[in-house]
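**Student:** This structure is in structure tokens; I'll ask about it shortly.
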Amino acid sequence: MTNHDVLMRLRRDKRTQGDSNRKHGIVRFFRDLFVIFFVALLISFLIKTFLIRSFYIPSGSMENTLQVKDRIMVNELVPDLIPIARGDVVVFTDPGGWLSATEHGTVQPGNPVADGIRWFFSEVGLGAQETNDHLIKRVIGLPGDKVACCDATGHITVNDAPLSEPYLKASSGTTRSPEKYFTVTVPAVSLWVEGDNRDNSADSRLHTTTPSKGFVPITNVVGRAFVITWPVGHWSWLDNYPNTFRETGQDR
């Protein structure tokens, strides 16, 4: 074998080795990419399951605090590890009879690609969660509270203390309907909730004939909404206005 033959063989061997290294590098790249994607998905799933979830606002019952199509983040440590306070904005599942059959969403066939994209963003915590049987309202009364409407100045009272509620949407000026006058005592492990848009909110006041008698069992609470994440122009933290409830007594 001549020197030329040896040189040509070495060059072929180098090219073969180089091709092999490139193929191995591509395989490792996609393997690492898959591992990163899987770990990110797992972490996001755990966060969504145990810490926070995203929800979409479909109605105007919480205006002007929350606008239609706002996206919010919800702290799921409430109420299991962090107690609920008066003034908290909470997401909860329908206690029964609050949402009519026509208000429930239905699953419709869709574009597989679009559905896949929506699923991915939902799993990594960037998409709004399914809210077919969820509602969002502000906590007015805790267990044992006496909630009434209204005093001589038209204010809701909690434990006989009138509430000055800066978060309310301005009233349309229409006469208050008779069913909105009430005096209730919140039972154990339950809440009395109302929307910030009182003229357009089907909340505890209008569900006294349902199985829960207008109260929301604390076990139905998914978590406390703490921030508006979308659109960017609406970004803000959600306050529970402790000064509004300062005279109502100690939180239970």
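Each chain in the structure tokens gets a letter, A, B, ..., in the order shown, and its residues are numbered from 1; ligands are numbered from 1 in order too.
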May I have the residues within 10 Å of segment 144-154 of chain A as an NGL selection string, using only C-alpha atoms and disregarding those fewer than 2 positions away in the same chain?

**Tutor:** :A and (140-142 or 156-163 or 176 or 180-192 or 205 or 248-249 or 251-252)

**Student:** A:Trp235, A:Phe55, A:Phe226, A:Tyr241: which is nearest Asn75 of chain A, counting only C-alpha atoms?

**Tutor:**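 Comparing A:Trp235, A:Phe55, A:Phe226, A:Tyr241 against Asn75 of chain A, the winner is A:Phe226.
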
**Student:** Quick one: distance from atom CA of His155 of chain A to atom CA of Leu206 of chain A in Å, one decimal?

**Tutor:**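 Separation between atom CA of His155 of chain A and atom CA of Leu206 of chain A: 17.5 Å.
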
**Student:** Pick the closest to Phe215 of chain A from A:Gly97, A:Pro231, A:Gly60, A:Pro83: which is it, counting only C-alpha atoms?

**Tutor:** A:Gly97

**Student:** Taking into account only C-alpha atoms, which residue in the set A:Leu66, A:Val39, A:Val221, A:Val227 is nearest to Ser54 of chain A?

**Tutor:** A:Val227

**Student:** In terms of the shortest atom-to-atom distance over only C-alpha atoms, which of A:Gly195, A:Asn240, A:Thr209, A:Arg246 is closest to Ser59 of chain A?

**Tutor:**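 Of all the options, A:Gly195 lies closest to Ser59 of chain A.
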
**Student:** Just to confirm, what's the straight-line distance from atom CA of Thr210 of chain A to atom CA of Ile136 of chain A in Å (one decimal)?

**Tutor:** 17.6 Å

**Student:** Go through A:Leu33, A:Ala170, A:Ala225, A:Leu99 one by one, measure the shortest atom-to-atom distance of each to Tyr56 of chain A using only C-alpha atoms, and give the residue with the smallest value.

**Tutor:**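 Of all the options, A:Ala225 lies closest to Tyr56 of chain A.
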
**Student:** To one decimal in Å, tell me the separation between atom CA of Pro211 of chain A and atom CA of Thr93 of chain A.

**Tutor:**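 Separation between atom CA of Pro211 of chain A and atom CA of Thr93 of chain A: 14.0 Å.
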
**Student:** Could you tell me which of A:Ile36, A:Leu77, A:Ile84, A:Leu135 comes closest to Pro58 of chain A if we count only C-alpha atoms?

**Tutor:**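 Result for the nearest residue to Pro58 of chain A: A:Leu135.
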
**Student:** Neighbouring residues of Met62 of chain A were defined as those with any atom within 9 Å, considering only C-alpha atoms; residues of the same chain fewer than 3 positions away were excluded. Please report them as a list in words.

**Tutor:**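 So the residues in contact are Ile57, Ser59, Thr65, Leu66, Gln67, Val68, Ile136, Lys137, Arg138, Leu168, Lys169, Glu194, Gly195, Asp196, Asn197, Arg198, Asn200 and Ser201 of chain A.
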